[in-house]
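Enquirer: Below is run.pdb; it holds PDB, C-alpha atoms.
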ATOM      1  CA  MET A   1       7.196  12.853 -16.993
ATOM      2  CA  ASP A   2      10.132  11.359 -18.895
ATOM      3  CA  LYS A   3      12.412  11.388 -15.859
ATOM      4  CA  LEU A   4       9.989   9.266 -13.836
ATOM      5  CA  GLN A   5      10.506   5.524 -13.874
ATOM      6  CA  ARG A   6       7.690   3.526 -15.448
ATOM      7  CA  HIS A   7       6.502  -0.053 -15.292
ATOM      8  CA  PRO A   8       4.058  -1.788 -17.679
ATOM      9  CA  LEU A   9       2.115  -3.357 -14.785
ATOM     10  CA  LEU A  10       1.588   0.074 -13.215
ATOM     11  CA  GLN A  11       0.526   2.210 -16.116
ATOM     12  CA  VAL A  12       0.805   5.940 -15.507
ATOM     13  CA  THR A  13       0.106   8.270 -18.413
ATOM     14  CA  GLU A  14       1.287  11.836 -18.789
ATOM     15  CA  ASP A  15      -2.308  12.875 -18.186
ATOM     16  CA  ASP A  16      -2.340  10.891 -14.926
ATOM     17  CA  VAL A  17       0.779  12.722 -13.742
ATOM     18  CA  ARG A  18      -0.690  16.071 -14.745
ATOM     19  CA  LYS A  19      -3.938  15.423 -12.867
ATOM     20  CA  ALA A  20      -2.126  14.280  -9.723
ATOM     21  CA  ARG A  21       0.111  17.335  -9.714
ATOM     22  CA  GLU A  22      -2.743  19.721 -10.420
ATOM     23  CA  PHE A  23      -4.727  18.190  -7.547
ATOM     24  CA  TYR A  24      -2.062  19.466  -5.141
ATOM     25  CA  ASN A  25      -1.252  22.596  -7.168
ATOM     26  CA  LEU A  26       2.219  21.352  -8.103
ATOM     27  CA  ASP A  27       4.416  21.984 -11.117
ATOM     28  CA  GLU A  28       7.878  20.713 -12.019
ATOM     29  CA  ASN A  29       9.679  23.766 -10.615
ATOM     30  CA  ARG A  30       7.898  23.573  -7.277
ATOM     31  CA  ILE A  31       8.497  19.826  -7.086
ATOM     32  CA  SER A  32      12.203  20.257  -7.845
ATOM     33  CA  GLU A  33      12.640  23.036  -5.261
ATOM     34  CA  SER A  34      10.659  21.110  -2.649
ATOM     35  CA  LEU A  35      12.619  17.886  -3.137
ATOM     36  CA  GLU A  36      15.867  19.814  -2.860
ATOM     37  CA  ALA A  37      14.738  21.319   0.452
ATOM     38  CA  ILE A  38      13.554  17.924   1.733
ATOM     39  CA  GLY A  39      16.835  16.309   0.692
ATOM     40  CA  ALA A  40      18.883  18.980   2.490
ATOM     41  CA  TRP A  41      16.864  18.368   5.665
ATOM     42  CA  PHE A  42      17.021  14.599   5.248
ATOM     43  CA  LYS A  43      20.821  14.513   5.082
ATOM     44  CA  LYS A  44      21.103  16.443   8.348
ATOM     45  CA  GLN A  45      19.020  13.938  10.322
ATOM     46  CA  ASP A  46      21.601  11.653  11.867
ATOM     47  CA  HIS A  47      19.074   8.873  12.497
ATOM     48  CA  LEU A  48      17.900   8.991   8.858
ATOM     49  CA  ALA A  49      21.170   9.633   7.025
ATOM     50  CA  ASP A  50      21.688   5.988   6.057
ATOM     51  CA  VAL A  51      18.115   5.830   4.736
ATOM     52  CA  TYR A  52      18.703   8.866   2.536
ATOM     53  CA  ARG A  53      21.833   7.328   0.994
ATOM     54  CA  LEU A  54      19.937   4.149   0.121
ATOM     55  CA  MET A  55      16.728   5.660  -1.276
ATOM     56  CA  TYR A  56      15.989   5.791  -4.977
ATOM     57  CA  PRO A  57      15.439   9.440  -6.080
ATOM     58  CA  ASP A  58      11.952   8.761  -7.481
ATOM     59  CA  LEU A  59      10.829   7.360  -4.139
ATOM     60  CA  LEU A  60      11.157  10.766  -2.502
ATOM     61  CA  GLU A  61       8.892  12.371  -5.097
ATOM     62  CA  ARG A  62       6.223   9.700  -4.546
ATOM     63  CA  LEU A  63       6.313  10.264  -0.786
ATOM     64  CA  PHE A  64       6.150  14.024  -1.380
ATOM     65  CA  LEU A  65       3.017  13.512  -3.482
ATOM     66  CA  MET A  66       1.500  11.267  -0.793
ATOM     67  CA  SER A  67       2.185  14.099   1.676
ATOM     68  CA  ARG A  68      -0.067  16.392  -0.379
ATOM     69  CA  GLY A  69       2.834  18.324  -1.866
ATOM     70  CA  SER A  70       3.835  19.804   1.487
ATOM     71  CA  VAL A  71       7.520  20.037   2.421
ATOM     72  CA  GLU A  72       6.861  20.061   6.165
ATOM     73  CA  MET A  73       4.347  17.223   5.959
ATOM     74  CA  THR A  74       6.838  15.193   3.943
ATOM     75  CA  LYS A  75       9.527  15.672   6.593
ATOM     76  CA  ASN A  76       7.045  14.553   9.229
ATOM     77  CA  LYS A  77       6.006  11.514   7.185
ATOM     78  CA  LEU A  78       9.598  10.502   6.476
ATOM     79  CA  ASP A  79      10.438  10.531  10.169
ATOM     80  CA  LYS A  80       7.304   8.556  11.009
ATOM     81  CA  LEU A  81       7.677   6.086   8.164
ATOM     82  CA  PHE A  82      11.235   4.965   8.727
ATOM     83  CA  THR A  83      10.809   4.862  12.494
ATOM     84  CA  MET A  84       7.570   2.887  12.277
ATOM     85  CA  ARG A  85       9.058   0.406   9.782
ATOM     86  CA  GLY A  86      11.727  -0.408  12.338
ATOM     87  CA  MET A  87       9.075  -0.871  15.031
ATOM     88  CA  MET A  88       6.975  -3.227  12.874
ATOM     89  CA  PRO A  89       9.426  -5.752  11.391
ATOM     90  CA  ASP A  90       6.721  -8.423  11.440
ATOM     91  CA  ILE A  91       4.738  -6.390   8.900
ATOM     92  CA  CYS A  92       7.340  -5.017   6.508
ATOM     93  CA  LEU A  93      10.950  -6.116   7.090
ATOM     94  CA  ASN A  94      13.226  -9.089   6.425
ATOM     95  CA  MET A  95      11.453  -9.911   3.187
ATOM     96  CA  THR A  96      12.532 -11.911   0.162
ATOM     97  CA  TYR A  97      10.256 -13.019  -2.646
ATOM     98  CA  PRO A  98      10.712 -16.788  -1.955
ATOM     99  CA  GLU A  99       8.931 -16.221   1.359
ATOM    100  CA  PHE A 100       5.689 -15.804  -0.608
ATOM    101  CA  VAL A 101       5.862 -18.747  -3.000
ATOM    102  CA  GLU A 102       3.471 -20.757  -0.808
ATOM    103  CA  LEU A 103       1.139 -17.755  -0.430
ATOM    104  CA  ASN A 104       0.719 -17.642  -4.202
ATOM    105  CA  ASP A 105      -0.852 -21.102  -4.019
ATOM    106  CA  TRP A 106      -3.850 -19.776  -2.065
ATOM    107  CA  LEU A 107      -4.027 -16.041  -2.760
ATOM    108  CA  ILE A 108      -4.134 -13.612  -5.646
ATOM    109  CA  TYR A 109      -3.244 -10.040  -4.740
ATOM    110  CA  VAL A 110      -2.600  -7.681  -7.659
ATOM    111  CA  PRO A 111      -2.762  -3.997  -8.524
ATOM    112  CA  LEU A 112      -4.811  -3.245 -11.614
ATOM    113  CA  PRO A 113      -2.644  -1.825 -14.406
ATOM    114  CA  LYS A 114      -4.719   1.321 -15.022
ATOM    115  CA  LEU A 115      -5.755   3.987 -12.529
ATOM    116  CA  ASN A 116      -9.432   4.446 -11.690
ATOM    117  CA  PRO A 117     -10.297   7.470 -13.860
ATOM    118  CA  ALA A 118     -12.907   8.846 -11.466
ATOM    119  CA  ASP A 119     -10.435   9.615  -8.681
ATOM    120  CA  GLN A 120      -6.919   8.622  -9.853
ATOM    121  CA  THR A 121      -6.723   5.741  -7.367
ATOM    122  CA  ARG A 122      -4.863   2.473  -7.795
ATOM    123  CA  VAL A 123      -7.159  -0.525  -7.310
ATOM    124  CA  MET A 124      -5.790  -3.578  -5.504
ATOM    125  CA  MET A 125      -7.603  -6.877  -6.101
ATOM    126  CA  THR A 126      -7.672  -9.812  -3.658
ATOM    127  CA  GLN A 127      -9.000 -13.267  -4.502
ATOM    128  CA  VAL A 128      -8.810 -16.481  -2.487
ATOM    129  CA  ILE A 129      -8.095 -19.391  -4.795
ATOM    130  CA  SER A 130     -10.880 -21.972  -4.936
ATOM    131  CA  GLY A 131     -10.503 -24.703  -2.332
ATOM    132  CA  LYS A 132      -7.703 -22.886  -0.505
ATOM    133  CA  ALA A 133      -9.668 -20.818   2.031
ATOM    134  CA  ASP A 134      -8.322 -22.824   4.971
ATOM    135  CA  ASP A 135      -4.752 -21.815   4.043
ATOM    136  CA  TRP A 136      -5.485 -18.126   4.717
ATOM    137  CA  ASN A 137      -2.755 -16.458   6.780
ATOM    138  CA  MET A 138      -3.399 -12.849   7.833
ATOM    139  CA  LEU A 139       0.214 -11.934   8.518
ATOM    140  CA  ALA A 140       1.451 -13.413   5.232
ATOM    141  CA  TYR A 141      -1.273 -11.476   3.389
ATOM    142  CA  MET A 142      -0.270  -8.183   5.004
ATOM    143  CA  ARG A 143       3.435  -8.762   4.421
ATOM    144  CA  TYR A 144       2.835  -9.524   0.755
ATOM    145  CA  SER A 145       0.651  -6.439   0.347
ATOM    146  CA  PHE A 146       3.497  -4.293   1.708
ATOM    147  CA  LEU A 147       6.030  -6.030  -0.538
ATOM    148  CA  VAL A 148       3.914  -5.143  -3.574
ATOM    149  CA  GLY A 149       3.073  -1.696  -2.198
ATOM    150  CA  GLU A 150       6.683  -0.727  -1.600
ATOM    151  CA  PHE A 151       7.618  -1.951  -5.080
ATOM    152  CA  ARG A 152       4.789   0.186  -6.455
ATOM    153  CA  LEU A 153       6.241   3.304  -4.848
ATOM    154  CA  HIS A 154       9.071   3.292  -7.367
ATOM    155  CA  TYR A 155       6.685   3.552 -10.321
ATOM    156  CA  ASP A 156       3.188   4.619  -9.302
ATOM    157  CA  TYR A 157       1.681   8.114  -9.343
ATOM    158  CA  SER A 158      -1.780   7.816  -7.843
ATOM    159  CA  LEU A 159      -3.852   9.899  -5.443
ATOM    160  CA  GLY A 160      -4.894   6.969  -3.275
ATOM    161  CA  ASP A 161      -5.726   3.282  -3.090
ATOM    162  CA  ARG A 162      -8.870   1.198  -3.236
ATOM    163  CA  TYR A 163      -8.838  -2.385  -1.974
ATOM    164  CA  VAL A 164     -11.229  -4.936  -3.456
ATOM    165  CA  ILE A 165     -11.657  -8.282  -1.687
ATOM    166  CA  ASP A 166     -13.590 -10.971  -3.531
ATOM    167  CA  LEU A 167     -15.141 -13.302  -0.938
ATOM    168  CA  GLN A 168     -16.458 -15.842  -3.441
ATOM    169  CA  ASN A 169     -14.143 -18.706  -2.461
ATOM    170  CA  THR A 170     -13.999 -18.005   1.266
ATOM    171  CA  THR A 171     -15.461 -20.044   4.123
ATOM    172  CA  PHE A 172     -16.294 -19.175   7.720
ATOM    173  CA  SER A 173     -12.763 -20.242   8.664
ATOM    174  CA  LEU A 174     -11.651 -16.875   7.296
ATOM    175  CA  VAL A 175     -13.492 -15.117  10.125
ATOM    176  CA  THR A 176     -11.637 -17.183  12.712
ATOM    177  CA  LYS A 177      -8.294 -16.291  11.117
ATOM    178  CA  LEU A 178      -8.782 -12.531  10.939
ATOM    179  CA  ASN A 179      -6.480 -10.658  13.293
ATOM    180  CA  PRO A 180      -7.548  -7.035  13.913
ATOM    181  CA  ILE A 181      -4.289  -6.297  15.744
ATOM    182  CA  ILE A 182      -2.240  -7.113  12.629
ATOM    183  CA  LEU A 183      -4.737  -5.167  10.537
ATOM    184  CA  LYS A 184      -4.493  -2.108  12.786
ATOM    185  CA  LYS A 185      -0.699  -2.116  12.657
ATOM    186  CA  ALA A 186      -0.795  -2.423   8.873
ATOM    187  CA  GLU A 187      -3.365   0.368   8.517
ATOM    188  CA  ILE A 188      -1.345   2.736  10.726
ATOM    189  CA  LEU A 189       1.843   2.029   8.783
ATOM    190  CA  CYS A 190      -0.012   2.444   5.487
ATOM    191  CA  THR A 191      -1.835   5.695   6.280
ATOM    192  CA  GLU A 192       0.334   7.390   8.906
ATOM    193  CA  GLY A 193       3.694   6.134   7.681
ATOM    194  CA  PHE A 194       3.475   6.045   3.907
ATOM    195  CA  GLY A 195       0.632   8.554   3.788
ATOM    196  CA  THR A 196      -1.585   6.354   1.619
ATOM    197  CA  LYS A 197      -5.113   7.689   1.147
ATOM    198  CA  ILE A 198      -7.410   4.669   1.452
ATOM    199  CA  LYS A 199     -10.414   5.759  -0.587
ATOM    200  CA  GLY A 200     -12.378   2.547  -0.216
ATOM    201  CA  ILE A 201     -12.401  -1.093   0.859
ATOM    202  CA  HIS A 202     -14.831  -3.094  -1.249
ATOM    203  CA  PHE A 203     -16.194  -6.585  -0.520
ATOM    204  CA  LEU A 204     -17.654  -8.535  -3.439
ATOM    205  CA  ASN A 205     -19.650 -11.780  -3.613
ATOM    206  CA  ALA A 206     -20.553 -11.517   0.052
ATOM    207  CA  PRO A 207     -21.240 -14.812   1.877
ATOM    208  CA  SER A 208     -23.822 -15.256   4.629
ATOM    209  CA  PHE A 209     -21.253 -14.463   7.330
ATOM    210  CA  VAL A 210     -20.189 -11.146   5.811
ATOM    211  CA  ASP A 211     -21.634  -9.077   8.694
ATOM    212  CA  LYS A 212     -19.443 -10.944  11.182
ATOM    213  CA  LEU A 213     -16.426 -10.473   8.949
ATOM    214  CA  VAL A 214     -17.082  -6.759   8.537
ATOM    215  CA  ALA A 215     -17.469  -6.279  12.283
ATOM    216  CA  ILE A 216     -14.066  -7.831  12.958
ATOM    217  CA  VAL A 217     -12.359  -5.921  10.159
ATOM    218  CA  LYS A 218     -13.756  -2.637  11.493
ATOM    219  CA  GLN A 219     -12.102  -3.327  14.844
ATOM    220  CA  GLY A 220      -8.755  -3.060  13.068
ATOM    221  CA  LEU A 221      -9.545   0.198  11.262
ATOM    222  CA  ARG A 222      -9.866   3.733  12.488
ATOM    223  CA  GLY A 223     -13.131   5.591  11.992
ATOM    224  CA  LYS A 224     -12.468   7.372   8.708
ATOM    225  CA  VAL A 225     -11.203   4.231   6.973
ATOM    226  CA  ALA A 226     -13.866   1.985   8.554
ATOM    227  CA  ASN A 227     -16.536   4.293   7.135
ATOM    228  CA  ARG A 228     -15.167   3.663   3.638
ATOM    229  CA  LEU A 229     -15.851  -0.057   3.800
ATOM    230  CA  HIS A 230     -18.515  -1.183   1.321
ATOM    231  CA  VAL A 231     -20.279  -4.497   0.746
ATOM    232  CA  HIS A 232     -21.483  -4.634  -2.862
ATOM    233  CA  ARG A 233     -24.434  -6.912  -3.497
ATOM    234  CA  THR A 234     -24.237  -6.507  -7.277
ATOM    235  CA  TYR A 235     -21.515  -5.736  -9.806
ATOM    236  CA  GLU A 236     -23.646  -2.844 -11.042
ATOM    237  CA  ASP A 237     -23.341  -1.233  -7.618
ATOM    238  CA  PHE A 238     -19.594  -1.952  -7.618
ATOM    239  CA  HIS A 239     -19.198  -0.278 -11.022
ATOM    240  CA  ASN A 240     -20.523   2.947  -9.536
ATOM    241  CA  GLU A 241     -17.306   3.127  -7.496
ATOM    242  CA  ILE A 242     -14.752   1.630  -9.879
ATOM    243  CA  SER A 243     -14.896   2.072 -13.633
ATOM    244  CA  LYS A 244     -15.581  -1.046 -15.701
ATOM    245  CA  GLU A 245     -12.895  -0.080 -18.211
ATOM    246  CA  ILE A 246     -10.060  -0.813 -15.760
ATOM    247  CA  LEU A 247     -11.526  -3.945 -14.138
ATOM    248  CA  PRO A 248     -10.580  -7.537 -14.985
ATOM    249  CA  LYS A 249     -12.915  -9.337 -17.320
ATOM    250  CA  GLU A 250     -14.328 -11.536 -14.539
ATOM    251  CA  TYR A 251     -15.831  -8.383 -13.003
ATOM    252  CA  GLY A 252     -17.404  -7.134 -16.203
ATOM    253  CA  GLY A 253     -14.394  -5.093 -17.246
ATOM    254  CA  ASP A 254     -12.076  -4.891 -20.211
ATOM    255  CA  GLY A 255      -8.796  -5.669 -18.458
ATOM    256  CA  PRO A 256      -6.772  -8.878 -18.109
ATOM    257  CA  SER A 257      -7.921 -11.474 -15.590
ATOM    258  CA  CYS A 258      -6.563 -11.497 -12.053
ATOM    259  CA  ILE A 259      -4.966 -14.890 -12.746
ATOM    260  CA  LYS A 260      -3.034 -13.436 -15.689
ATOM    261  CA  LEU A 261      -1.983 -10.385 -13.663
ATOM    262  CA  ALA A 262      -0.831 -12.632 -10.810
ATOM    263  CA  GLU A 263       1.410 -14.555 -13.216
ATOM    264  CA  LEU A 264       2.920 -11.314 -14.496
ATOM    265  CA  TRP A 265       3.529 -10.039 -10.962
ATOM    266  CA  ARG A 266       5.175 -13.307  -9.926
ATOM    267  CA  ASP A 267       7.562 -12.993 -12.864
ATOM    268  CA  THR A 268       8.229  -9.338 -12.059
ATOM    269  CA  LEU A 269       8.986  -9.898  -8.377
ATOM    270  CA  LYS A 270      11.533 -12.590  -9.260
ATOM    271  CA  THR A 271      13.646 -10.214 -11.359
ATOM    272  CA  LYS A 272      17.031  -8.839 -10.319
ATOM    273  CA  GLU A 273      15.519  -5.343 -10.364
ATOM    274  CA  ALA A 274      12.813  -6.333  -7.868
ATOM    275  CA  GLU A 275      15.308  -8.261  -5.754
ATOM    276  CA  LYS A 276      17.443  -5.131  -5.448
ATOM    277  CA  ILE A 277      14.443  -2.975  -4.495
ATOM    278  CA  ILE A 278      13.319  -5.480  -1.857
ATOM    279  CA  GLU A 279      16.850  -5.742  -0.464
ATOM    280  CA  ILE A 280      17.119  -1.955  -0.112
ATOM    281  CA  ASN A 281      13.623  -1.668   1.388
ATOM    282  CA  ASN A 282      14.665  -4.049   4.160
ATOM    283  CA  LYS A 283      17.284  -1.487   5.197
ATOM    284  CA  LEU A 284      15.049   1.598   5.168
ATOM    285  CA  ILE A 285      14.683   2.100   8.921
ATOM    286  CA  SER A 286      15.824   4.853  11.253
ATOM    287  CA  ASP A 287      18.796   4.420  13.567
ATOM    288  CA  GLU A 288      17.245   5.428  16.876
ATOM    289  CA  THR A 289      20.649   5.443  18.602
ATOM    290  CA  LYS A 290      21.485   8.540  16.547
ATOM    291  CA  ARG A 291      18.257  10.479  17.059
ATOM    292  CA  MET A 292      19.102  13.987  18.246
ATOM    293  CA  ASN A 293      16.132  14.541  20.570
ATOM    294  CA  GLY A 294      16.079  11.214  22.367
ATOM    295  CA  LYS A 295      13.779   8.218  21.957
ATOM    296  CA  PHE A 296      10.968   8.537  19.432
ATOM    297  CA  ASN A 297       7.649   9.204  21.164
ATOM    298  CA  GLU A 298       5.300   6.373  20.217
ATOM    299  CA  GLU A 299       2.295   8.527  21.055
ATOM    300  CA  TYR A 300       3.283  10.642  18.040
ATOM    301  CA  PHE A 301       1.423   8.238  15.802
ATOM    302  CA  GLY A 302      -1.015   6.748  18.293
ATOM    303  CA  ILE A 303       0.067   3.141  18.663
ATOM    304  CA  PRO A 304       0.282   2.681  22.475
ATOM    305  CA  GLY A 305      -2.781   0.990  23.935
ATOM    306  CA  SER A 306      -4.551   0.706  20.586
ATOM    307  CA  PHE A 307      -3.563  -2.946  20.108
ATOM    308  CA  ARG A 308      -4.345  -4.165  23.601
ATOM    309  CA  SER A 309      -7.911  -2.830  23.605
ATOM    310  CA  LEU A 310      -9.171  -5.021  20.781
ATOM    311  CA  THR A 311     -11.485  -7.945  21.399
ATOM    312  CA  VAL A 312     -12.721 -10.657  19.082
ATOM    313  CA  ASP A 313     -15.911 -12.463  20.044
TER     314      ASP A 313
END
Write the structure described by the file as structure tokens, please.

Expert:
Amino acid sequence: MDKLQRHPLLQVTEDDVRKAREFYNLDENRISESLEAIGAWFKKQDHLADVYRLMYPDLLERLFLMSRGSVEMTKNKLDKLFTMRGMMPDICLNMTYPEFVELNDWLIYVPLPKLNPADQTRVMMTQVISGKADDWNMLAYMRYSFLVGEFRLHYDYSLGDRYVIDLQNTTFSLVTKLNPIILKKAEILCTEGFGTKIKGIHFLNAPSFVDKLVAIVKQGLRGKVANRLHVHRTYEDFHNEISKEILPKEYGGDGPSCIKLAELWRDTLKTKEAEKIIEINNKLISDETKRMNGKFNEEYFGIPGSFRSLTVD
């Protein structure tokens, strides 16, 4: 545990690490041997060699964990991830923190500091700031979520993610601004590229138009993830999924408020450390001109045709 980087906004205890490793039947020796084998393979991939030289060592272990502790699955995910990042620059590349200063005026998006004890997931909270619903920008939201998510990869050690969206301050204009094509691209990159296990998407404080909103969101999600979308009518129902002890106080929990967490994350993402991570992340893409077996087959991860078939009534 001591060799893993830690961050106070992403608390990971020794017990959390133990549980995650036991879930995939991993120990330190197996992890070390597996990472060595993955690294040896990585360096021999001409189209990924520059990525390997740039990557932080801890990042490889996180991606190995997200690949269920499988060497072959990790190789597959690495190839997918760094190829897909290059194919989706609108979602995850060319980022700097100043890009999101305006977003922070209308949105709060923060990971909760403690893991959900029931399933070792990291919970991501979204709030629209009161009176700012008309400023909603789907692409900016997705880009910021990947900025935070890729920063998390250097410190986190979870078995999956849960996304909580508080709809209290939203208006019907949000429905008109949802873009299922952007959502689908983001979900594919998240689950097929990074290997994130999305354990749940939770809507709170549902407005009268929530059914319309849910219908559009489901168009941008594949079946398994769409089936994990929940609309909670009460906080008591919500607490059955996510433990009160890790939730912010405005949701009946014991943790710091989302506003306080947002301030801490803003300060964190302005640091030289974060700036360096973001700068390196912008370069983590495959060089397809050096791929040994020709052009990457897009059908490998199911993108072709999936964007063009969406309709929004």

Enquirer: Sort by chain and increasing residue number a table of all residues of range 150-228 of chain A within 9 Å of range 73-93 of chain A, each with its closest pair of atoms and their distance in Å to one decimal, counting only C-alpha atoms, and write it as a tab-separated table.

Expert:
residue	atom	partner	partner_atom	distance
A:Ile182	CA	A:Ile91	CA	7.9
A:Lys185	CA	A:Met88	CA	7.8
A:Ala186	CA	A:Ile91	CA	6.8
A:Leu189	CA	A:Met84	CA	6.8
A:Cys190	CA	A:Leu81	CA	8.9
A:Glu192	CA	A:Lys77	CA	7.2
A:Gly193	CA	A:Leu81	CA	4.0
A:Phe194	CA	A:Leu81	CA	6.0
A:Gly195	CA	A:Lys77	CA	7.0

Enquirer: Using only C-alpha atoms, pick whichever of A:Ala226, A:Met292, A:Leu247, A:Cys258 has the shortest atom-to-atom distance to Ile108 in chain A.

Expert: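 Among A:Ala226, A:Met292, A:Leu247, A:Cys258, it is A:Cys258 that comes nearest to Ile108 in chain A.
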
Enquirer: By how many Å are CA of Asn227 in chain A and CA of Gly253 in chain A apart?

Expert: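 Those two atoms sit 26.2 Å apart.
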
Enquirer: Residues near Thr96 in chain A, anyone? I mean within 12 Å using only C-alpha atoms, not counting same-chain ones fewer than 4 positions away, as a ChimeraX atom specification.

Expert: /A:92,100-101,143-144,146-148,269-272,274-282

Enquirer: Which residue gives the smallest distance to Asp105 in chain A among A:Glu61, A:Asp27, A:Asp50, A:Glu263, with only C-alpha atoms counted?

Expert: A:Glu263

Enquirer: Taking only C-alpha atoms into account, which of A:Ser67, A:Ser32, A:His47, A:Gln120 comes nearest Asp156 in chain A?

Expert: A:Gln120

Enquirer: Restricting the calculation to all atoms listed in the file, which member of A:Tyr52, A:Phe151, A:Trp106, A:Tyr157 is positioned closest to Thr170 in chain A?

Expert: A:Trp106

Enquirer: Given 3 Å of margin on each side, can you work out the centre and size in Å (one decimal) of an axis-aligned box holding every listed atom of range 204-214 of chain A, as JSON?

Expert:
{"center_x": -20.1, "center_y": -11.0, "center_z": 3.8, "size_x": 13.4, "size_y": 14.5, "size_z": 20.8}

Enquirer: Give the answer as one residue: which of A:Leu213, A:Val231, A:Phe64, A:Val110 has the shortest atom-to-atom distance to Lys177 in chain A, using all atoms listed in the file?

Expert: A:Leu213

Enquirer: Take CA of Lys19 in chain A and CA of Trp41 in chain A and report the distance between them in Å, one decimal.

Expert: 28.0 Å
